[in-house]
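**Student:** I have a structure here, written as structure tokens, and I will follow up with some questions on it.
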Amino acid sequence: MSTVRKRSFPQRALPLWGVVVVAAVLAWSAPVLCAPGRAHLAAPESVARGDAFVAGLSLAQPAEQVNFFWRGRRHAVAAREVPDASGGAPVWRAEILLPAPLEEKADRLTLGACIGTGCSAPEATRPVRLHDRKRPVQRLTVDRKYVAPPPEEAARIRRDREKVRAALAGHLPERLWSLPLERPVPGTVSSLFGMKRVFNGQPRGMHRGLDLRGAQGTPIRACADGVVALVDDLYFSGNAVYINHGDGVFSSYLHMSKPLVTPGERVRRGQVVGLVGATGRVTGPHLHLGLMVQGESVDPQ
Ligand SMILES: [Zn+2]
């Protein structure tokens, strides 16, 4: 998926006092590891709002569980033994996908981690800066009923929202996702994540997925291993499939002509889960791919 768009991350200019504060925090946080030489907490220095990033904790000693702390929440993740690439002793590593939400106001957040089932406060921390990427406006024309839904559809739209919320609340403690994600259809991007959208001249919030071109009937492949969390015909999304990839990661595939999986089914990365269609609020056949990480929509790219 990473080849679709060239990425460049213009760094936000920090005022001088900000540089001093960040430098001071870096100096303070660098040696704050769980115990000297025992653990290393890794994350990107800066993340664009709307993106997800991998945070990892590497340990020289066995550990069953690691807790990550991000945006006021604690996320428990199992640690796995990984062979050392240089042929040395094995290390234990825990990884998690975390979101930098589009709406996050802070310019700097603190990532924390601690080791063990009993730990409840960060023992290691590091700062993560947030920056913005340009989000263009996209004007679209759709059937009037999708801009001003008829009142009799209000209950259905509410029910749809509840069904999706319930599916996304499903807990799967086992990590099934792996990076990079599989591209679900070969088509190119027709609408980016985070674009501000105007339907029939009326502003309607941001696009919380990635639209990929695809002719009617094109097979759609699961972007990672997972368990099917929801298969339904939703008012705006049309025929939709949601997949739980474990450890707080979900993907969604909308506007299908036909779903080919059932709820609870275990799917493999690359398995066909449905066919491209034009159901719901669309201008034509395409796949809307959604990626939800720890309850936040993020850019699948
Ligand atoms: Zn879309």
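In the structure tokens, the first chain shown is A, the next is B, and so on; residue numbers restart at 1 for each chain, and ligands run from 1 in the order shown.
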So which residues are near ligand 1, meaning at most 9 Å away with only C-alpha atoms and all ligand atoms counted, given back as number ranges by chain?
**Tutor:** A: 190-193, 207-212, 237, 254-255, 281-282, 286-290
**Student:** Once DSSP has gone over the backbone, tell me which residues of region 244-281 of chain A are in strand (DSSP E or B), as JSON, numbers by chain.
**Tutor:** {"A": [244, 249, 250, 251, 252, 253, 254, 255, 256, 257, 258, 259, 266, 267, 272, 273, 274, 275, 276, 277]}
**Student:** How would the residues just chosen look if you wrote them out with C-alpha atoms as an mmCIF file, in the first residue's frame?
**Tutor:**
data_model
loop_
_atom_site.group_PDB
_atom_site.id
_atom_site.type_symbol
_atom_site.label_atom_id
_atom_site.label_comp_id
_atom_site.auth_asym_id
_atom_site.auth_seq_id
_atom_site.Cartn_x
_atom_site.Cartn_y
_atom_site.Cartn_z
ATOM 1 C CA ASN A 244 -11.380 -7.686 13.527
ATOM 2 C CA VAL A 249 -7.237 -3.153 14.786
ATOM 3 C CA PHE A 250 -10.258 -3.401 12.437
ATOM 4 C CA SER A 251 -10.722 -2.969 8.684
ATOM 5 C CA SER A 252 -13.936 -2.264 6.777
ATOM 6 C CA TYR A 253 -14.880 -2.825 3.125
ATOM 7 C CA LEU A 254 -17.891 -0.816 1.980
ATOM 8 C CA HIS A 255 -20.238 -0.439 -1.026
ATOM 9 C CA MET A 256 -19.834 -4.106 -2.062
ATOM 10 C CA SER A 257 -22.090 -5.656 -4.683
ATOM 11 C CA LYS A 258 -21.818 -8.923 -2.761
ATOM 12 C CA PRO A 259 -20.199 -9.948 0.543
ATOM 13 C CA ARG A 266 -11.885 -16.632 10.322
ATOM 14 C CA VAL A 267 -10.291 -15.074 7.230
ATOM 15 C CA VAL A 272 -11.632 -12.751 -1.107
ATOM 16 C CA VAL A 273 -14.266 -11.312 1.261
ATOM 17 C CA GLY A 274 -16.618 -9.762 -1.300
ATOM 18 C CA LEU A 275 -17.021 -8.086 -4.680
ATOM 19 C CA VAL A 276 -16.783 -4.398 -5.613
ATOM 20 C CA GLY A 277 -20.137 -2.675 -6.053
#
**Student:** Find the residue from A:Asp143, A:Glu182, A:Glu123, A:Asp160 that sits nearest to Phe68 (chain A); use only C-alpha atoms when measuring.
**Tutor:** A:Glu123
**Student:** Name the residues in contact with Val227 (chain A) at a cut-off of 12 Å, using only C-alpha atoms, excluding same-chain residues fewer than 3 positions from it; report them as an MDAnalysis selection string.
**Tutor:** chainID A and resid 167:168 170:177 222:224 230:231 241:246 249:252 261:269 271 273
**Student:** May I have the selected residues written with N, CA, C and O atoms, as a short mmCIF file (atom, residue, chain, number, x, y, z; two decimals), in the first residue's frame?
**Tutor:**
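Wrote it out as selection-v2.cif, contents follow:
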data_model
loop_
_atom_site.label_atom_id
_atom_site.label_comp_id
_atom_site.auth_asym_id
_atom_site.auth_seq_id
_atom_site.Cartn_x
_atom_site.Cartn_y
_atom_site.Cartn_z
N ALA A 167 -19.87 -3.92 16.70
CA ALA A 167 -18.85 -4.75 16.02
C ALA A 167 -17.46 -4.27 16.40
O ALA A 167 -16.56 -5.07 16.66
N LEU A 168 -17.28 -2.94 16.45
CA LEU A 168 -15.95 -2.38 16.75
C LEU A 168 -15.60 -2.51 18.23
O LEU A 168 -14.45 -2.32 18.61
N GLY A 170 -15.96 -5.30 19.77
CA GLY A 170 -15.56 -6.70 19.95
C GLY A 170 -14.08 -6.80 20.31
O GLY A 170 -13.25 -6.11 19.73
N HIS A 171 -13.79 -7.63 21.30
CA HIS A 171 -12.42 -7.73 21.79
C HIS A 171 -11.78 -9.03 21.30
O HIS A 171 -12.37 -10.09 21.44
N LEU A 172 -10.61 -8.91 20.70
CA LEU A 172 -9.86 -10.08 20.24
C LEU A 172 -8.43 -9.89 20.74
O LEU A 172 -7.67 -9.13 20.15
N PRO A 173 -8.07 -10.52 21.86
CA PRO A 173 -6.77 -10.24 22.48
C PRO A 173 -5.59 -10.77 21.67
O PRO A 173 -4.45 -10.40 21.94
N GLU A 174 -5.88 -11.62 20.67
CA GLU A 174 -4.81 -12.21 19.88
C GLU A 174 -4.48 -11.29 18.70
O GLU A 174 -5.39 -10.82 18.01
N ARG A 175 -3.21 -11.02 18.47
CA ARG A 175 -2.85 -10.18 17.33
C ARG A 175 -2.81 -11.01 16.05
O ARG A 175 -2.03 -11.95 15.94
N LEU A 176 -3.68 -10.65 15.08
CA LEU A 176 -3.70 -11.36 13.80
C LEU A 176 -3.15 -10.50 12.67
O LEU A 176 -2.83 -10.99 11.61
N TRP A 177 -3.06 -9.17 12.90
CA TRP A 177 -2.60 -8.27 11.84
C TRP A 177 -1.09 -8.37 11.67
O TRP A 177 -0.38 -8.72 12.62
N ALA A 222 -9.04 -9.49 1.90
CA ALA A 222 -8.80 -9.05 3.28
C ALA A 222 -7.38 -8.50 3.39
O ALA A 222 -6.44 -9.10 2.86
N CYS A 223 -7.20 -7.37 4.08
CA CYS A 223 -5.87 -6.74 4.15
C CYS A 223 -4.96 -7.43 5.16
O CYS A 223 -3.76 -7.20 5.16
N ALA A 224 -5.54 -8.29 6.03
CA ALA A 224 -4.74 -9.04 7.01
C ALA A 224 -5.60 -10.18 7.54
O ALA A 224 -6.82 -10.22 7.28
N LEU A 230 -18.68 -8.09 11.24
CA LEU A 230 -20.00 -7.62 10.81
C LEU A 230 -20.14 -7.79 9.30
O LEU A 230 -19.21 -7.49 8.54
N VAL A 231 -21.30 -8.29 8.88
CA VAL A 231 -21.66 -8.32 7.46
C VAL A 231 -23.09 -7.80 7.41
O VAL A 231 -23.98 -8.38 8.02
N VAL A 241 -18.50 -5.17 5.03
CA VAL A 241 -17.85 -6.23 5.82
C VAL A 241 -16.83 -5.56 6.74
O VAL A 241 -16.03 -4.73 6.28
N TYR A 242 -16.90 -5.88 8.04
CA TYR A 242 -15.92 -5.41 9.02
C TYR A 242 -15.13 -6.61 9.52
O TYR A 242 -15.72 -7.64 9.84
N ILE A 243 -13.81 -6.47 9.59
CA ILE A 243 -12.95 -7.56 10.06
C ILE A 243 -12.16 -7.10 11.28
O ILE A 243 -11.57 -6.01 11.28
N ASN A 244 -12.16 -7.93 12.31
CA ASN A 244 -11.38 -7.69 13.53
C ASN A 244 -10.02 -8.38 13.38
O ASN A 244 -9.96 -9.60 13.22
N HIS A 245 -8.95 -7.59 13.41
CA HIS A 245 -7.59 -8.16 13.25
C HIS A 245 -6.87 -8.33 14.57
O HIS A 245 -5.69 -8.66 14.60
N GLY A 246 -7.57 -8.09 15.66
CA GLY A 246 -6.98 -8.29 16.99
C GLY A 246 -6.19 -7.10 17.49
O GLY A 246 -5.77 -6.23 16.72
N VAL A 249 -7.33 -3.54 16.20
CA VAL A 249 -7.24 -3.15 14.79
C VAL A 249 -8.39 -3.78 13.98
O VAL A 249 -8.59 -5.00 14.04
N PHE A 250 -9.14 -2.95 13.27
CA PHE A 250 -10.26 -3.40 12.44
C PHE A 250 -10.10 -2.82 11.03
O PHE A 250 -9.58 -1.71 10.87
N SER A 251 -10.63 -3.55 10.02
CA SER A 251 -10.72 -2.97 8.68
C SER A 251 -12.16 -3.10 8.21
O SER A 251 -12.89 -4.00 8.65
N SER A 252 -12.58 -2.19 7.33
CA SER A 252 -13.94 -2.26 6.78
C SER A 252 -13.88 -2.11 5.26
O SER A 252 -13.00 -1.44 4.72
N VAL A 261 -18.43 -13.49 2.88
CA VAL A 261 -18.06 -14.07 4.18
C VAL A 261 -19.24 -13.92 5.14
O VAL A 261 -20.19 -13.20 4.86
N THR A 262 -19.15 -14.62 6.26
CA THR A 262 -20.22 -14.54 7.27
C THR A 262 -19.62 -14.14 8.61
O THR A 262 -18.43 -14.40 8.88
N PRO A 263 -20.42 -13.50 9.48
CA PRO A 263 -19.90 -13.06 10.78
C PRO A 263 -19.31 -14.23 11.57
O PRO A 263 -19.86 -15.33 11.56
N GLY A 264 -18.19 -13.99 12.21
CA GLY A 264 -17.53 -15.01 13.01
C GLY A 264 -16.53 -15.86 12.23
O GLY A 264 -15.73 -16.59 12.81
N GLU A 265 -16.57 -15.72 10.90
CA GLU A 265 -15.67 -16.52 10.06
C GLU A 265 -14.23 -16.03 10.19
O GLU A 265 -13.96 -14.84 10.19
N ARG A 266 -13.31 -16.97 10.28
CA ARG A 266 -11.88 -16.63 10.32
C ARG A 266 -11.40 -16.44 8.89
O ARG A 266 -11.65 -17.30 8.04
N VAL A 267 -10.78 -15.32 8.59
CA VAL A 267 -10.29 -15.07 7.23
C VAL A 267 -8.77 -14.90 7.24
O VAL A 267 -8.19 -14.51 8.24
N ARG A 268 -8.17 -15.22 6.12
CA ARG A 268 -6.73 -15.09 5.96
C ARG A 268 -6.44 -13.85 5.14
O ARG A 268 -7.25 -13.43 4.31
N ARG A 269 -5.24 -13.30 5.32
CA ARG A 269 -4.78 -12.17 4.52
C ARG A 269 -4.85 -12.57 3.04
O ARG A 269 -4.36 -13.65 2.67
N GLN A 271 -7.55 -13.33 1.36
CA GLN A 271 -8.78 -14.08 1.05
C GLN A 271 -9.84 -13.13 0.50
O GLN A 271 -9.99 -12.00 0.99
N VAL A 273 -13.19 -11.47 0.27
CA VAL A 273 -14.27 -11.31 1.26
C VAL A 273 -15.54 -10.74 0.65
O VAL A 273 -16.58 -10.66 1.30
#
**Student:** Within 8 Å of region 139-141 of chain A, counting only C-alpha atoms, which residues show up once you throw out same-chain ones fewer than 2 positions away? Write them as a PyMOL selection string, please.
**Tutor:** chain A and resi 137+143+197-201+283
**Student:** Kindly indicate which residue among A:Leu97, A:Leu102, A:Ile115, A:Leu130 lies nearest to Phe53 (chain A), using only C-alpha atoms for the distances.
**Tutor:** A:Leu97
